[in-house]
>>> print(open('final_20.cif').read())   # mmCIF, C-alpha atoms
data_coords
loop_
_atom_site.label_atom_id
_atom_site.label_comp_id
_atom_site.auth_asym_id
_atom_site.auth_seq_id
_atom_site.Cartn_x
_atom_site.Cartn_y
_atom_site.Cartn_z
CA MET A 1 32.55 47.09 -30.80
CA SER A 2 34.12 49.47 -28.32
CA ASN A 3 37.85 49.91 -28.06
CA PHE A 4 39.49 47.77 -25.36
CA VAL A 5 40.97 50.94 -23.89
CA PHE A 6 37.56 51.97 -22.69
CA ASN A 7 36.86 48.68 -20.93
CA THR A 8 38.43 49.93 -17.75
CA PRO A 9 36.79 51.15 -14.53
CA ALA A 10 37.96 54.68 -15.29
CA PHE A 11 35.69 54.81 -18.34
CA GLN A 12 32.84 52.67 -17.04
CA GLN A 13 32.04 54.74 -13.93
CA GLN A 14 30.33 58.08 -14.27
CA ASP A 15 30.33 61.06 -11.91
CA PRO A 16 26.69 62.13 -11.18
CA ARG A 17 27.77 65.76 -11.12
CA ASN A 18 29.05 65.51 -14.67
CA VAL A 19 25.86 63.79 -15.80
CA ALA A 20 23.70 66.49 -14.23
CA THR A 21 25.51 69.38 -15.91
CA TYR A 22 26.20 67.77 -19.29
CA PRO A 23 24.17 69.52 -22.04
CA GLY A 24 21.15 67.45 -23.01
CA ALA A 25 21.37 65.18 -19.99
CA PRO A 26 18.25 64.45 -17.89
CA GLN A 27 17.62 67.18 -15.34
CA GLN A 28 17.52 66.36 -11.68
CA PRO A 29 14.34 67.18 -9.70
CA GLY A 30 14.08 70.88 -9.02
CA GLN A 31 16.29 71.78 -11.95
CA GLN A 32 13.58 72.06 -14.59
CA GLY A 33 13.70 75.40 -16.31
CA GLN A 34 17.13 76.31 -15.03
CA TYR A 35 19.36 77.94 -17.56
CA ALA A 36 22.82 76.44 -18.15
CA PRO A 37 25.21 79.19 -19.16
CA PRO A 38 27.14 78.56 -22.37
CA PRO A 39 30.79 77.56 -21.97
CA PRO A 40 33.29 80.34 -22.38
CA PRO A 41 35.16 80.64 -25.71
CA GLY A 42 37.85 77.93 -26.09
CA ALA A 43 36.45 75.77 -23.30
CA ALA A 44 35.16 73.11 -25.75
CA GLY A 45 38.63 72.69 -27.26
CA GLN A 46 40.24 72.44 -23.83
CA THR A 47 37.66 69.87 -22.72
CA ALA A 48 38.36 67.73 -25.80
CA ALA A 49 42.10 67.99 -25.16
CA PHE A 50 41.65 66.93 -21.53
CA GLN A 51 39.50 63.99 -22.62
CA GLN A 52 42.09 62.89 -25.19
CA ALA A 53 44.87 63.18 -22.60
CA GLY A 54 42.83 61.05 -20.21
CA ILE A 55 42.28 58.44 -22.89
CA ASN A 56 46.00 58.34 -23.71
CA ALA A 57 46.94 58.05 -20.04
CA ALA A 58 44.47 55.22 -19.51
CA ALA A 59 45.72 53.40 -22.62
CA GLN A 60 49.34 53.73 -21.47
CA ALA A 61 48.45 52.43 -18.00
CA ASN A 62 46.57 49.51 -19.53
CA LEU A 63 49.50 48.56 -21.77
CA GLU A 64 51.98 48.85 -18.91
CA GLY A 65 49.79 46.55 -16.84
CA MET A 66 49.70 44.01 -19.66
CA TYR A 67 53.50 44.04 -20.06
CA ALA A 68 54.07 43.89 -16.31
CA ALA A 69 51.81 40.85 -15.87
CA PRO A 70 53.68 37.53 -15.75
CA ALA A 71 53.58 35.48 -18.94
CA ALA A 72 51.37 32.42 -18.96
CA GLY A 73 53.46 29.31 -18.31
CA ALA A 74 53.08 25.66 -19.18
CA ILE A 75 50.71 25.02 -16.28
CA GLU A 76 48.32 27.84 -17.24
CA THR A 77 48.29 26.99 -20.95
CA ASP A 78 48.77 23.20 -20.63
CA ARG A 79 51.16 23.52 -23.56
CA MET A 80 54.70 22.28 -24.00
CA THR A 81 57.41 24.86 -23.28
CA VAL A 82 61.20 24.74 -23.36
CA GLU A 83 61.44 25.75 -19.68
CA ASP A 84 59.01 23.07 -18.56
CA THR A 85 60.86 20.43 -20.60
CA ILE A 86 64.15 21.50 -19.02
CA TRP A 87 62.68 21.02 -15.54
CA LYS A 88 61.36 17.59 -16.51
CA THR A 89 64.79 16.64 -17.88
CA ALA A 90 66.50 17.81 -14.70
CA GLY A 91 64.07 15.77 -12.62
CA LEU A 92 64.73 12.61 -14.62
CA PHE A 93 68.49 13.05 -14.34
CA GLY A 94 68.05 13.55 -10.61
CA ILE A 95 66.37 10.15 -10.39
CA LEU A 96 69.10 8.64 -12.57
CA LEU A 97 71.89 10.00 -10.35
CA VAL A 98 70.27 8.69 -7.16
CA ALA A 99 69.81 5.24 -8.72
CA ALA A 100 73.36 5.40 -10.09
CA ALA A 101 74.68 5.95 -6.57
CA VAL A 102 72.74 2.86 -5.44
CA GLY A 103 74.12 0.84 -8.37
CA TRP A 104 77.65 2.02 -7.63
CA VAL A 105 77.50 1.02 -3.94
CA TRP A 106 75.80 -2.26 -4.82
CA THR A 107 78.55 -3.13 -7.30
CA VAL A 108 81.43 -2.11 -5.07
CA ALA A 109 79.96 -4.02 -2.11
CA GLY A 110 80.47 -7.25 -4.01
CA SER A 111 84.15 -6.50 -4.59
CA ALA A 112 84.86 -7.19 -0.93
CA ALA A 113 84.43 -10.87 -1.76
CA GLY A 114 86.98 -10.59 -4.53
CA GLN A 115 84.58 -10.00 -7.44
CA ALA A 116 82.37 -7.05 -8.36
CA ASN A 117 78.62 -7.57 -8.18
CA LEU A 118 77.28 -7.26 -11.74
CA THR A 119 73.62 -7.55 -10.72
CA PRO A 120 72.81 -3.81 -10.92
CA TRP A 121 74.51 -3.61 -14.32
CA ILE A 122 72.49 -6.51 -15.74
CA VAL A 123 69.17 -5.63 -14.06
CA GLY A 124 69.47 -1.98 -15.06
CA ALA A 125 70.33 -2.79 -18.68
CA LEU A 126 67.49 -5.28 -19.15
CA GLY A 127 64.90 -3.22 -17.27
CA GLY A 128 65.89 -0.02 -19.04
CA PHE A 129 65.72 -1.66 -22.47
CA VAL A 130 62.26 -3.14 -21.88
CA LEU A 131 60.85 0.11 -20.48
CA ALA A 132 62.39 2.14 -23.30
CA MET A 133 60.65 -0.05 -25.87
CA VAL A 134 57.33 0.24 -24.03
CA VAL A 135 57.59 4.03 -23.77
CA ILE A 136 58.60 4.45 -27.42
CA PHE A 137 55.89 2.24 -28.90
CA THR A 138 53.01 3.36 -26.65
CA SER A 139 53.67 7.11 -26.44
CA ARG A 140 51.56 7.89 -29.52
CA LYS A 141 48.45 6.75 -27.68
CA LYS A 142 49.33 7.86 -24.16
CA VAL A 143 52.34 9.37 -22.43
CA ARG A 144 53.00 7.64 -19.11
CA PRO A 145 55.39 9.65 -16.90
CA ALA A 146 55.50 6.81 -14.35
CA LEU A 147 57.13 4.52 -16.92
CA ILE A 148 59.65 7.22 -17.77
CA PHE A 149 60.48 7.62 -14.06
CA ALA A 150 61.00 3.86 -13.83
CA TYR A 151 63.20 3.95 -16.91
CA ALA A 152 65.36 6.66 -15.32
CA ALA A 153 65.75 4.50 -12.21
CA PHE A 154 66.77 1.39 -14.17
CA GLU A 155 69.17 3.41 -16.31
CA GLY A 156 70.66 4.78 -13.11
CA LEU A 157 71.33 1.25 -11.85
CA PHE A 158 72.94 0.40 -15.18
CA VAL A 159 75.09 3.54 -15.31
CA GLY A 160 76.14 3.19 -11.67
CA GLY A 161 76.97 -0.50 -12.05
CA ILE A 162 78.98 -0.20 -15.25
CA SER A 163 80.76 2.92 -14.00
CA ALA A 164 81.80 1.26 -10.74
CA PHE A 165 83.09 -1.81 -12.60
CA PHE A 166 85.18 0.22 -15.06
CA GLU A 167 86.46 2.46 -12.28
CA MET A 168 87.78 -0.58 -10.40
CA VAL A 169 89.57 -1.82 -13.52
CA TYR A 170 90.71 1.58 -14.85
CA PRO A 171 90.87 4.13 -11.99
CA GLY A 172 89.91 7.65 -13.04
CA VAL A 173 88.11 6.60 -16.23
CA VAL A 174 84.65 7.56 -14.94
CA MET A 175 85.62 11.18 -14.31
CA GLN A 176 87.20 11.38 -17.76
CA ALA A 177 84.09 9.94 -19.41
CA THR A 178 81.81 12.27 -17.44
CA LEU A 179 83.76 15.38 -18.38
CA ALA A 180 83.91 14.32 -22.03
CA THR A 181 80.15 13.68 -22.06
CA VAL A 182 79.38 17.08 -20.53
CA ALA A 183 81.69 18.72 -23.08
CA VAL A 184 80.00 17.05 -26.05
CA VAL A 185 76.50 17.87 -24.77
CA GLY A 186 77.50 21.48 -24.05
CA VAL A 187 79.10 22.05 -27.45
CA THR A 188 76.15 20.45 -29.25
CA LEU A 189 73.64 22.57 -27.34
CA ALA A 190 75.65 25.75 -28.01
CA LEU A 191 75.85 25.02 -31.74
CA PHE A 192 72.15 24.27 -31.90
CA ALA A 193 71.20 27.40 -29.93
CA SER A 194 73.34 29.54 -32.25
CA GLY A 195 71.63 28.10 -35.31
CA LYS A 196 74.85 26.68 -36.77
CA VAL A 197 73.64 23.07 -36.50
CA ARG A 198 70.17 21.91 -37.43
CA ALA A 199 68.53 18.59 -38.20
CA SER A 200 67.72 18.04 -41.87
CA ALA A 201 65.93 15.33 -43.81
CA LYS A 202 69.10 14.33 -45.66
CA MET A 203 71.24 14.15 -42.53
CA THR A 204 68.54 12.24 -40.67
CA LYS A 205 68.42 9.66 -43.47
CA ILE A 206 72.21 9.25 -43.30
CA PHE A 207 71.96 8.98 -39.52
CA MET A 208 69.39 6.17 -39.75
CA ILE A 209 71.51 4.22 -42.25
CA ALA A 210 74.58 4.61 -40.02
CA MET A 211 72.59 3.50 -36.97
CA PHE A 212 71.41 0.31 -38.67
CA GLY A 213 74.99 -0.41 -39.75
CA TYR A 214 76.25 0.13 -36.20
CA MET A 215 73.54 -2.12 -34.75
CA ALA A 216 74.44 -4.88 -37.23
CA PHE A 217 78.11 -4.62 -36.28
CA SER A 218 77.31 -4.70 -32.54
CA ILE A 219 75.12 -7.82 -32.91
CA LEU A 220 77.80 -9.58 -34.98
CA ASN A 221 80.47 -8.66 -32.44
CA LEU A 222 78.39 -10.06 -29.57
CA ILE A 223 77.77 -13.33 -31.45
CA LEU A 224 81.49 -13.77 -32.10
CA MET A 225 82.27 -13.14 -28.42
CA TRP A 226 79.53 -15.42 -27.06
CA THR A 227 80.44 -18.29 -29.39
CA GLY A 228 84.15 -18.01 -28.56
CA VAL A 229 85.17 -17.24 -32.13
CA ASN A 230 86.79 -14.06 -30.84
CA ASP A 231 88.13 -14.30 -27.30
CA ASN A 232 89.14 -10.66 -26.98
CA ALA A 233 87.41 -8.81 -24.13
CA TRP A 234 86.10 -6.27 -26.64
CA GLY A 235 85.68 -8.65 -29.56
CA LEU A 236 86.40 -7.09 -32.93
CA ARG A 237 86.66 -3.71 -31.24
CA GLY A 238 89.89 -4.73 -29.51
CA SER A 239 91.34 -7.45 -31.75
CA VAL A 240 91.26 -5.50 -35.02
CA GLU A 241 93.50 -2.49 -35.56
CA ILE A 242 93.67 0.03 -38.38
CA ALA A 243 96.96 1.94 -38.63
CA GLY A 244 97.72 0.88 -35.09
CA ILE A 245 94.42 2.25 -33.77
CA PRO A 246 91.91 -0.25 -32.27
CA LEU A 247 88.77 -0.63 -34.35
CA GLY A 248 86.71 0.07 -31.23
CA VAL A 249 88.22 3.54 -30.91
CA ILE A 250 87.57 4.39 -34.56
CA ILE A 251 83.98 3.15 -34.39
CA GLY A 252 83.55 4.79 -30.99
CA VAL A 253 84.50 8.23 -32.30
CA PHE A 254 82.09 7.73 -35.20
CA VAL A 255 79.32 6.76 -32.76
CA VAL A 256 80.01 9.84 -30.62
CA PHE A 257 79.21 11.96 -33.67
CA LEU A 258 76.04 9.92 -34.19
CA ALA A 259 75.03 10.54 -30.58
CA ALA A 260 75.74 14.26 -30.95
CA TYR A 261 73.48 14.43 -34.00
CA SER A 262 70.87 12.46 -32.08
CA LEU A 263 70.98 15.24 -29.49
CA VAL A 264 70.40 17.78 -32.26
CA MET A 265 67.35 15.78 -33.33
CA ASP A 266 66.11 15.76 -29.73
CA PHE A 267 66.51 19.53 -29.41
CA ASP A 268 64.84 20.06 -32.77
CA SER A 269 61.88 17.86 -31.79
CA ILE A 270 61.39 19.84 -28.59
CA GLN A 271 61.55 23.10 -30.49
CA GLN A 272 58.98 21.90 -33.02
CA GLY A 273 56.70 20.66 -30.25
CA VAL A 274 56.77 24.07 -28.57
CA ARG A 275 56.24 25.86 -31.87
CA ASN A 276 53.27 23.66 -32.77
CA GLY A 277 51.64 24.05 -29.36
CA ALA A 278 51.93 20.39 -28.38
CA PRO A 279 50.28 19.37 -25.09
CA ARG A 280 52.41 19.79 -22.00
CA LYS A 281 52.65 16.04 -21.37
CA TYR A 282 54.89 15.63 -24.42
CA GLY A 283 57.60 17.49 -22.55
CA TRP A 284 58.18 14.13 -20.83
CA MET A 285 58.95 12.58 -24.20
CA GLY A 286 61.45 15.34 -24.95
CA ALA A 287 63.15 14.76 -21.60
CA PHE A 288 63.09 11.00 -22.19
CA GLY A 289 64.78 11.39 -25.59
CA ILE A 290 67.55 13.53 -24.15
CA MET A 291 68.19 11.02 -21.35
CA VAL A 292 68.41 8.08 -23.75
CA THR A 293 70.91 9.93 -25.93
CA VAL A 294 73.08 11.20 -23.07
CA VAL A 295 73.33 7.74 -21.48
CA TRP A 296 74.24 6.26 -24.86
CA LEU A 297 76.88 8.95 -25.36
CA TYR A 298 78.38 8.38 -21.89
CA VAL A 299 78.63 4.60 -22.36
CA GLU A 300 80.32 4.98 -25.76
CA ILE A 301 82.88 7.43 -24.40
CA LEU A 302 83.48 5.19 -21.39
CA ARG A 303 84.16 2.26 -23.73
CA ILE A 304 86.55 4.29 -25.91
CA LEU A 305 88.58 5.32 -22.87
CA ALA A 306 88.60 1.78 -21.51
CA ILE A 307 89.90 0.38 -24.82
CA LEU A 308 92.64 3.02 -24.92
CA ARG A 309 93.59 2.34 -21.31
CA GLY A 310 93.63 -1.40 -21.95
CA ASN A 311 96.11 -1.01 -24.81
CA ASP A 312 98.58 1.02 -22.74
#
>>> encode(input="final_20.cif", output="C-alpha cells")
Amino acid sequence: MSNFVFNTPAFQQQDPRNVATYPGAPQQPGQQGQYAPPPPPGAAGQTAAFQQAGINAAAQANLEGMYAAPAAGAIETDRMTVEDTIWKTAGLFGILLVAAAVGWVWTVAGSAAGQANLTPWIVGALGGFVLAMVVIFTSRKKVRPALIFAYAAFEGLFVGGISAFFEMVYPGVVMQATLATVAVVGVTLALFASGKVRASAKMTKIFMIAMFGYMAFSILNLILMWTGVNDNAWGLRGSVEIAGIPLGVIIGVFVVFLAAYSLVMDFDSIQQGVRNGAPRKYGWMGAFGIMVTVVWLYVEILRILAILRGND
C-alpha cells in the first residue's frame, strides 16, 4: 500500500520530458540509439535530496490542508455532539419563553375582572405532565422531537401562568426566582465543567431514594389540603415550623440541591452520549432533560420565596 502522502496530484502526474530522459525509460520515436551522457559526479545525491525535499513539502502541505479543513459536525456525522445539543436546548427554551409570555398575558388578562385566570397554569401543568410521560416512556423506541416541542409549549404556559399569579401576589418574586435559578444552573455547570462535581452510582442511588421520599411527602401534603385537614395555603409546608423556619423552606432548600444534582446527571448523560457516538436525534433527549430539571428548579425556588414573603 502506498503512503497517503503520494496520493496527491503532485505525485500522480508525470512530466513527459522527465519520462523521456529517465534512464531505462522507453525511448521516443527517433531516439533509438542515442547516447544519454552519464550524470556528473554528485548529481545523483542532489537529485535524491531534491526528491526528498519535494516529498517533505508535499507532506507538510497535505497536513496543513487537513488541519485547516473544518471539523465534521453533527449534521455530517449524524452523531450527537455537545454543540448540537446546546442549540437544541436553546431552541426549546425559546419556545418555552414565547409560550410563557402567552401564559403571562392570559393570566393577567383575567385579573381585570378581579381574579387571575388560572387556565394557562392548569392546562400547561396537565399537558406538560402527560407529554413528559409519553416522551420518557417511548423514547427508547423512537425519539419524537414534535412531542418535545409540544412539551416546551405546555411548560411555557405553566411557567407563565404560575409566574404571573405569584407576581400579582408577591411583586418582584419572579425576578428573584429567575436570578436564583440562573445562578444555580451556572454554578452547577461550572463545577461540572471543571470536573469537581460528577455523577456517581452511590450519589444517584441516594438521589433516587430522596426523590421518592419527596414525592411521598408532596402527595400526602396535597391530600391533606384537598380534604381540608390542613387549611394552610401551603399545607404542611407553611403550617409546620422547625426552629422558627417554615418546613416548606427547609424542604425547598433540600429539593434545590436535588435539582442541582439532577442537572449534573443531565450533563453527564449528554457527555456519555457524545463519547459513545450516540445518534444525533438523542440530543433532543438531552435538551428535554435539561428543560425538565430547570423548570422544576425554578418552581421550587419560586415557592421558597413565596413562603418566605408570606411569613413577613
>>> resolve_selection(input="final_20.cif", expression="the PyMOL selection byres ((chain A and resi 248-255) around 10)", output="compact mmCIF listing (two decimals) with C-alpha atoms, keeping the file's coordinate frame")
# COMPACT_ATOMS: atom_id res chain seq x y z
CA ALA A 210 74.58 4.61 -40.02
CA MET A 211 72.59 3.50 -36.97
CA TYR A 214 76.25 0.13 -36.20
CA PHE A 217 78.11 -4.62 -36.28
CA TRP A 234 86.10 -6.27 -26.64
CA GLY A 235 85.68 -8.65 -29.56
CA LEU A 236 86.40 -7.09 -32.93
CA ARG A 237 86.66 -3.71 -31.24
CA GLY A 238 89.89 -4.73 -29.51
CA SER A 239 91.34 -7.45 -31.75
CA VAL A 240 91.26 -5.50 -35.02
CA GLU A 241 93.50 -2.49 -35.56
CA ILE A 242 93.67 0.03 -38.38
CA ILE A 245 94.42 2.25 -33.77
CA PRO A 246 91.91 -0.25 -32.27
CA LEU A 247 88.77 -0.63 -34.35
CA VAL A 256 80.01 9.84 -30.62
CA PHE A 257 79.21 11.96 -33.67
CA LEU A 258 76.04 9.92 -34.19
CA ALA A 259 75.03 10.54 -30.58
CA ALA A 260 75.74 14.26 -30.95
CA TYR A 261 73.48 14.43 -34.00
CA TRP A 296 74.24 6.26 -24.86
CA LEU A 297 76.88 8.95 -25.36
CA VAL A 299 78.63 4.60 -22.36
CA GLU A 300 80.32 4.98 -25.76
CA ILE A 301 82.88 7.43 -24.40
CA LEU A 302 83.48 5.19 -21.39
CA ARG A 303 84.16 2.26 -23.73
CA ILE A 304 86.55 4.29 -25.91
CA LEU A 305 88.58 5.32 -22.87
CA ALA A 306 88.60 1.78 -21.51
CA ILE A 307 89.90 0.38 -24.82
CA LEU A 308 92.64 3.02 -24.92
>>> atom_distance(input="final_20.cif", atom1="CA of Val294 (chain A)", atom2="CA of Thr204 (chain A)")
18.2 Å
>>> resolve_selection(input="final_20.cif", expression="the PyMOL selection byres ((chain A and resi 195-200) around 8)", output="PyMOL selection string")
chain A and resi 191-194+201-204+261+264-265+268
>>> atom_distance(input="final_20.cif", atom1="CA of Gly124 (chain A)", atom2="CA of Ala153 (chain A)")
8.0 Å
>>> residues_around(input="final_20.cif", residues="Val174 (chain A)", least_positions_apart="5", cutoff="8 Å", atoms="all atoms listed in the file", output="PyMOL selection string")
chain A and resi 163+166-167+302
>>> resolve_selection(input="final_20.cif", expression="the PyMOL selection byres ((chain A and resi 157) around 6)", output="PyMOL selection string")
chain A and resi 99-100+103+120+124+154-156+158-161
>>> atom_distance(input="final_20.cif", atom1="CA of Arg79 (chain A)", atom2="CA of Gly128 (chain A)")
28.1 Å
>>> closest_residue(input="final_20.cif", among="A:Ala190, A:Ala90, A:Leu263, A:Ile219", to="Thr293 (chain A)", atoms="only C-alpha atoms")
A:Leu263
>>> residues_around(input="final_20.cif", residues="Asn276 (chain A)", least_positions_apart="6", cutoff="12 Å", atoms="all atoms listed in the file", output="MDAnalysis selection string")
chainID A and resid 79:81 269:270 282
>>> write_last_selection(input="final_20.cif", atoms="C-alpha atoms", output="CSV table (one decimal), in the frame of the given file")
chain,number,residue,atom,x,y,z
A,79,ARG,CA,51.2,23.5,-23.6
A,80,MET,CA,54.7,22.3,-24.0
A,81,THR,CA,57.4,24.9,-23.3
A,269,SER,CA,61.9,17.9,-31.8
A,270,ILE,CA,61.4,19.8,-28.6
A,282,TYR,CA,54.9,15.6,-24.4
